[in-house]
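**Q** Next up is a structure, given as structure tokens.
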Amino acid sequence: MTNVRIFVTYKQSVFDPQGETIKTAIHSLGHDEVTSIKVGKFFDVTLAATGSDVVTAVKEIADQLLVNFNMETYTYQVMEEA
Amino acid sequence: MLPGGFSYGDYLRAGAIARFTNIMPAIIKMANAGKPVFGTCNGFQILTEAGLLPGALKRNDNQRFICRTIPLEVVNNQTIFTTQYCSRERIALPIAHADGSYYADEETLDRLEANNQVVFRYAAENPNGSLQNIAGITNERGNVLGMMPHPERAVEAILGSVDGLRLFKSLLENGKVRTEA
């Protein structure tokens with residue numbers, strides 16, 4: 001079994017309205033040093049696979065469902081193999 | 001016709017899960033055969049997620065669900081969906097969405113403009129942050145239309161507007177012409 005965390009975010013060029021709204025709230029806390037906030041999401045995926053099969057599966061799942069490449073991009077992290 | 005709504009609770013992204021429903025292969029087959037396919041609101045989102053229309057719909061810039069009637073410009077009245085409108089005509093249709101901000105990269109936007117695929121634009125104001133004020137587009141072939149506004153909610157005077165009716169009349173008219181031809 002392998003646990004993988006897949007992170008999906010807007011591309012840099014895409015305006016992130018949630019991030020902007022949160023940044024405004026952070027400024028009202030007094031943290032004016034915060035210049036940018038980008039909101040994303042992550043998926044904790046457990047696979048009954050190991051090694052290169054994990055990479056293949058994660059890429060297919062991300063490419064075909066989790067990510068809309070018109071506006072989003074992703075990274076992933078293999079958390080642990082057990 | 002793909003109606004509005006919030007299929008699968010808009011989980012993941014609006015329209016992202018609906019494209020896996022059993023009917024989608026038949027809709028894709030129809031679209032590829034050149035038959036008319038029309039999606040409004042969630043239907044538009046599903047058509048982009050299914051790859052039948054370019055670009056994507058993201059969260060409204062103001063982060064809010066917007067529900068009101070707004071002015072639109074008919075940009076292209078040469079599609080099978082819009083022949084009963086005048087070019088550059090101003091119409092009013094309701095919108096009711098939280099994820100209606102149209103986004104596509106610059107290359108895609110240039111291609112949409114060059115091929116006259118932008119059919120409707122927000123006229124007086126841009127309610128959701130859509131790039132180039134885009135409210136509705138077709139595919140390159142012109143037989144698939146997606147739009148965030150709801151023409152089906154503007155077909156009787158009692159509903160506040162009849163400006164949506166001619167979209168369906170255009171389809172009927174052009175379907176008839178094609179059948180007779």
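In the structure tokens, each chain is lettered A, B, ... as it comes, each chain's residues begin at 1, and ligands are numbered from 1 in order of appearance.
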Need to verify the contact set: region 34-46 of chain A, 6 Å, only C-alpha atoms, exclusion of same-chain residues closer than 2 positions in sequence. Can you return it as a list in words?
**A** Thr2, Asn3, Val4, Arg5, Ile6, Phe7, Val8, Thr9, Gly19, Lys23 and Asp32 of chain A
**Q** Export all heavy atoms of the chosen residues as a compact mmCIF listing (two decimals), in the first residue's frame?
**A**
```
# COMPACT_ATOMS: atom_id res chain seq x y z
N THR A 2 0.43 2.24 -0.72
CA THR A 2 1.18 3.49 -0.77
C THR A 2 0.22 4.66 -0.57
O THR A 2 -0.87 4.68 -1.15
CB THR A 2 1.88 3.65 -2.13
OG1 THR A 2 2.67 2.49 -2.37
CG2 THR A 2 2.78 4.87 -2.15
N ASN A 3 0.64 5.60 0.26
CA ASN A 3 -0.15 6.82 0.45
C ASN A 3 0.49 7.95 -0.35
O ASN A 3 1.70 8.20 -0.24
CB ASN A 3 -0.20 7.20 1.93
CG ASN A 3 -1.00 6.19 2.73
OD1 ASN A 3 -1.99 5.64 2.24
ND2 ASN A 3 -0.57 5.92 3.95
N VAL A 4 -0.34 8.61 -1.13
CA VAL A 4 0.14 9.71 -1.96
C VAL A 4 -0.73 10.93 -1.71
O VAL A 4 -1.95 10.80 -1.56
CB VAL A 4 0.07 9.34 -3.46
CG1 VAL A 4 0.53 10.51 -4.34
CG2 VAL A 4 0.91 8.11 -3.75
N ARG A 5 -0.12 12.09 -1.62
CA ARG A 5 -0.88 13.34 -1.50
C ARG A 5 -0.72 14.13 -2.80
O ARG A 5 0.41 14.42 -3.22
CB ARG A 5 -0.39 14.14 -0.29
CG ARG A 5 -1.21 15.40 -0.04
CD ARG A 5 -0.94 15.97 1.35
NE ARG A 5 -1.63 15.19 2.39
CZ ARG A 5 -1.55 15.48 3.69
NH1 ARG A 5 -0.82 16.51 4.10
NH2 ARG A 5 -2.20 14.75 4.57
N ILE A 6 -1.86 14.41 -3.42
CA ILE A 6 -1.84 15.14 -4.69
C ILE A 6 -2.34 16.57 -4.43
O ILE A 6 -3.42 16.76 -3.89
CB ILE A 6 -2.75 14.45 -5.73
CG1 ILE A 6 -2.31 13.00 -5.95
CG2 ILE A 6 -2.75 15.22 -7.05
CD1 ILE A 6 -3.27 12.16 -6.77
N PHE A 7 -1.52 17.55 -4.80
CA PHE A 7 -1.86 18.96 -4.58
C PHE A 7 -2.30 19.58 -5.91
O PHE A 7 -1.57 19.48 -6.91
CB PHE A 7 -0.64 19.75 -4.09
CG PHE A 7 -0.06 19.23 -2.80
CD1 PHE A 7 0.88 18.21 -2.80
CD2 PHE A 7 -0.46 19.78 -1.59
CE1 PHE A 7 1.43 17.74 -1.62
CE2 PHE A 7 0.10 19.32 -0.39
CZ PHE A 7 1.04 18.30 -0.40
N VAL A 8 -3.47 20.21 -5.90
CA VAL A 8 -3.97 20.87 -7.11
C VAL A 8 -4.14 22.36 -6.83
O VAL A 8 -4.76 22.74 -5.83
CB VAL A 8 -5.33 20.27 -7.56
CG1 VAL A 8 -5.85 20.97 -8.80
CG2 VAL A 8 -5.18 18.77 -7.82
N THR A 9 -3.57 23.19 -7.70
CA THR A 9 -3.69 24.65 -7.54
C THR A 9 -3.99 25.28 -8.89
O THR A 9 -3.77 24.68 -9.94
CB THR A 9 -2.37 25.26 -7.03
OG1 THR A 9 -1.32 24.85 -7.92
CG2 THR A 9 -2.04 24.82 -5.62
N GLY A 19 -8.20 33.31 -2.76
CA GLY A 19 -6.93 33.75 -2.20
C GLY A 19 -6.93 35.25 -1.91
O GLY A 19 -6.46 35.70 -0.86
N LYS A 23 -6.59 37.03 1.65
CA LYS A 23 -5.48 37.98 1.87
C LYS A 23 -6.01 39.27 2.52
O LYS A 23 -5.40 39.79 3.46
CB LYS A 23 -4.79 38.31 0.54
CG LYS A 23 -3.52 39.14 0.70
CD LYS A 23 -2.83 39.37 -0.61
CE LYS A 23 -3.49 40.49 -1.38
NZ LYS A 23 -2.80 40.75 -2.66
N ASP A 32 0.26 42.87 7.31
CA ASP A 32 0.40 43.50 6.00
C ASP A 32 1.58 42.95 5.22
O ASP A 32 1.74 43.26 4.03
CB ASP A 32 0.55 45.02 6.17
CG ASP A 32 -0.74 45.64 6.68
OD1 ASP A 32 -1.81 45.03 6.46
OD2 ASP A 32 -0.68 46.72 7.30
```
**Q** I need the contact residues of chain A against chain B, so if you could list those with any atom within 12 Å, counting only C-alpha atoms, and return them as an MDAnalysis selection string, that would help.
**A** chainID A and resid 8 10:22 40:43 62 64:72
**Q** Write the selection just made, keeping N, CA and C atoms, as a PDB file, in the first residue's frame?
**A**
```pdb
ATOM      1  N   VAL A   8      -3.470  20.215  -5.900  1.00  0.00           N
ATOM      2  CA  VAL A   8      -3.972  20.869  -7.115  1.00  0.00           C
ATOM      3  C   VAL A   8      -4.139  22.359  -6.826  1.00  0.00           C
ATOM      4  N   TYR A  10      -4.504  26.510  -8.835  1.00  0.00           N
ATOM      5  CA  TYR A  10      -4.637  27.277 -10.070  1.00  0.00           C
ATOM      6  C   TYR A  10      -3.239  27.517 -10.650  1.00  0.00           C
ATOM      7  N   LYS A  11      -3.173  27.641 -11.978  1.00  0.00           N
ATOM      8  CA  LYS A  11      -1.921  28.072 -12.594  1.00  0.00           C
ATOM      9  C   LYS A  11      -1.610  29.498 -12.124  1.00  0.00           C
ATOM     10  N   GLN A  12      -0.347  29.851 -12.175  1.00  0.00           N
ATOM     11  CA  GLN A  12       0.074  31.181 -11.734  1.00  0.00           C
ATOM     12  C   GLN A  12      -0.700  32.285 -12.435  1.00  0.00           C
ATOM     13  N   SER A  13      -1.020  32.080 -13.706  1.00  0.00           N
ATOM     14  CA  SER A  13      -1.649  33.140 -14.502  1.00  0.00           C
ATOM     15  C   SER A  13      -3.134  33.321 -14.179  1.00  0.00           C
ATOM     16  N   VAL A  14      -3.698  32.405 -13.392  1.00  0.00           N
ATOM     17  CA  VAL A  14      -5.142  32.449 -13.148  1.00  0.00           C
ATOM     18  C   VAL A  14      -5.445  33.215 -11.862  1.00  0.00           C
ATOM     19  N   PHE A  15      -6.356  34.162 -11.961  1.00  0.00           N
ATOM     20  CA  PHE A  15      -6.779  34.942 -10.793  1.00  0.00           C
ATOM     21  C   PHE A  15      -7.488  34.021  -9.799  1.00  0.00           C
ATOM     22  N   ASP A  16      -7.069  34.086  -8.541  1.00  0.00           N
ATOM     23  CA  ASP A  16      -7.636  33.230  -7.501  1.00  0.00           C
ATOM     24  C   ASP A  16      -8.461  34.097  -6.544  1.00  0.00           C
ATOM     25  N   PRO A  17      -9.782  34.183  -6.780  1.00  0.00           N
ATOM     26  CA  PRO A  17     -10.598  35.090  -5.966  1.00  0.00           C
ATOM     27  C   PRO A  17     -10.626  34.710  -4.487  1.00  0.00           C
ATOM     28  N   GLN A  18     -10.592  33.394  -4.192  1.00  0.00           N
ATOM     29  CA  GLN A  18     -10.584  32.979  -2.781  1.00  0.00           C
ATOM     30  C   GLN A  18      -9.332  33.480  -2.092  1.00  0.00           C
ATOM     31  N   GLY A  19      -8.203  33.312  -2.757  1.00  0.00           N
ATOM     32  CA  GLY A  19      -6.929  33.754  -2.197  1.00  0.00           C
ATOM     33  C   GLY A  19      -6.925  35.252  -1.911  1.00  0.00           C
ATOM     34  N   GLU A  20      -7.486  36.026  -2.860  1.00  0.00           N
ATOM     35  CA  GLU A  20      -7.525  37.485  -2.692  1.00  0.00           C
ATOM     36  C   GLU A  20      -8.388  37.876  -1.488  1.00  0.00           C
ATOM     37  N   THR A  21      -9.525  37.173  -1.350  1.00  0.00           N
ATOM     38  CA  THR A  21     -10.439  37.478  -0.242  1.00  0.00           C
ATOM     39  C   THR A  21      -9.774  37.153   1.102  1.00  0.00           C
ATOM     40  N   ILE A  22      -9.080  36.019   1.127  1.00  0.00           N
ATOM     41  CA  ILE A  22      -8.408  35.615   2.372  1.00  0.00           C
ATOM     42  C   ILE A  22      -7.268  36.579   2.702  1.00  0.00           C
ATOM     43  N   GLY A  40      -5.441  26.165  -2.743  1.00  0.00           N
ATOM     44  CA  GLY A  40      -5.475  24.951  -3.549  1.00  0.00           C
ATOM     45  C   GLY A  40      -6.210  23.867  -2.802  1.00  0.00           C
ATOM     46  N   LYS A  41      -6.093  22.645  -3.277  1.00  0.00           N
ATOM     47  CA  LYS A  41      -6.711  21.539  -2.547  1.00  0.00           C
ATOM     48  C   LYS A  41      -5.781  20.336  -2.643  1.00  0.00           C
ATOM     49  N   PHE A  42      -5.906  19.436  -1.686  1.00  0.00           N
ATOM     50  CA  PHE A  42      -5.117  18.223  -1.811  1.00  0.00           C
ATOM     51  C   PHE A  42      -5.988  16.993  -1.620  1.00  0.00           C
ATOM     52  N   PHE A  43      -5.519  15.891  -2.199  1.00  0.00           N
ATOM     53  CA  PHE A  43      -6.238  14.619  -2.147  1.00  0.00           C
ATOM     54  C   PHE A  43      -5.294  13.590  -1.545  1.00  0.00           C
ATOM     55  N   ALA A  62      -4.766  12.114 -12.026  1.00  0.00           N
ATOM     56  CA  ALA A  62      -4.665  13.576 -12.048  1.00  0.00           C
ATOM     57  C   ALA A  62      -5.012  14.118 -13.428  1.00  0.00           C
ATOM     58  N   GLN A  64      -6.737  12.821 -15.861  1.00  0.00           N
ATOM     59  CA  GLN A  64      -8.077  12.560 -16.406  1.00  0.00           C
ATOM     60  C   GLN A  64      -9.213  13.053 -15.524  1.00  0.00           C
ATOM     61  N   LEU A  65      -8.918  13.359 -14.262  1.00  0.00           N
ATOM     62  CA  LEU A  65     -10.033  13.764 -13.396  1.00  0.00           C
ATOM     63  C   LEU A  65      -9.708  14.896 -12.424  1.00  0.00           C
ATOM     64  N   LEU A  66      -8.653  14.722 -11.638  1.00  0.00           N
ATOM     65  CA  LEU A  66      -8.458  15.654 -10.518  1.00  0.00           C
ATOM     66  C   LEU A  66      -8.065  17.053 -10.953  1.00  0.00           C
ATOM     67  N   VAL A  67      -7.454  17.168 -12.140  1.00  0.00           N
ATOM     68  CA  VAL A  67      -6.919  18.451 -12.576  1.00  0.00           C
ATOM     69  C   VAL A  67      -7.589  18.879 -13.876  1.00  0.00           C
ATOM     70  N   ASN A  68      -8.014  20.135 -13.944  1.00  0.00           N
ATOM     71  CA  ASN A  68      -8.478  20.709 -15.200  1.00  0.00           C
ATOM     72  C   ASN A  68      -7.335  21.577 -15.724  1.00  0.00           C
ATOM     73  N   PHE A  69      -6.647  21.063 -16.728  1.00  0.00           N
ATOM     74  CA  PHE A  69      -5.418  21.719 -17.177  1.00  0.00           C
ATOM     75  C   PHE A  69      -5.655  23.056 -17.874  1.00  0.00           C
ATOM     76  N   ASN A  70      -6.904  23.388 -18.137  1.00  0.00           N
ATOM     77  CA  ASN A  70      -7.183  24.722 -18.651  1.00  0.00           C
ATOM     78  C   ASN A  70      -6.783  25.785 -17.636  1.00  0.00           C
ATOM     79  N   MET A  71      -6.946  25.453 -16.347  1.00  0.00           N
ATOM     80  CA  MET A  71      -6.731  26.495 -15.335  1.00  0.00           C
ATOM     81  C   MET A  71      -5.899  26.015 -14.148  1.00  0.00           C
ATOM     82  N   GLU A  72      -5.673  24.694 -14.056  1.00  0.00           N
ATOM     83  CA  GLU A  72      -5.008  24.167 -12.865  1.00  0.00           C
ATOM     84  C   GLU A  72      -3.706  23.435 -13.197  1.00  0.00           C
TER      85      GLU A  72
END
```
**Q** Near Arg166 (chain B), counting only C-alpha atoms, which residues have an atom at most 10 Å away, once you skip same-chain residues fewer than 2 positions from it, shown as a list in words?
**A**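 Counting only C-alpha atoms, the residues come to Phe81, Thr82, Thr83, Gln84, Tyr85, Pro151, Ala154, Val155, Val162, Asp163, Gly164, Phe168, Lys169, Ser170, Leu171, Leu172 and Glu173 of chain B.
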**Q** Which of chain A counts as strand (DSSP E) under DSSP, as a PyMOL selection string please?
**A** chain A and resi 2-10+40-47+72-81
**Q** In Å to one decimal, how far is CA of Glu107 (chain B) from CA of His150 (chain B)?
**A**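 Interatomic distance, CA of His150 (chain B) to CA of Glu107 (chain B): 27.8 Å.
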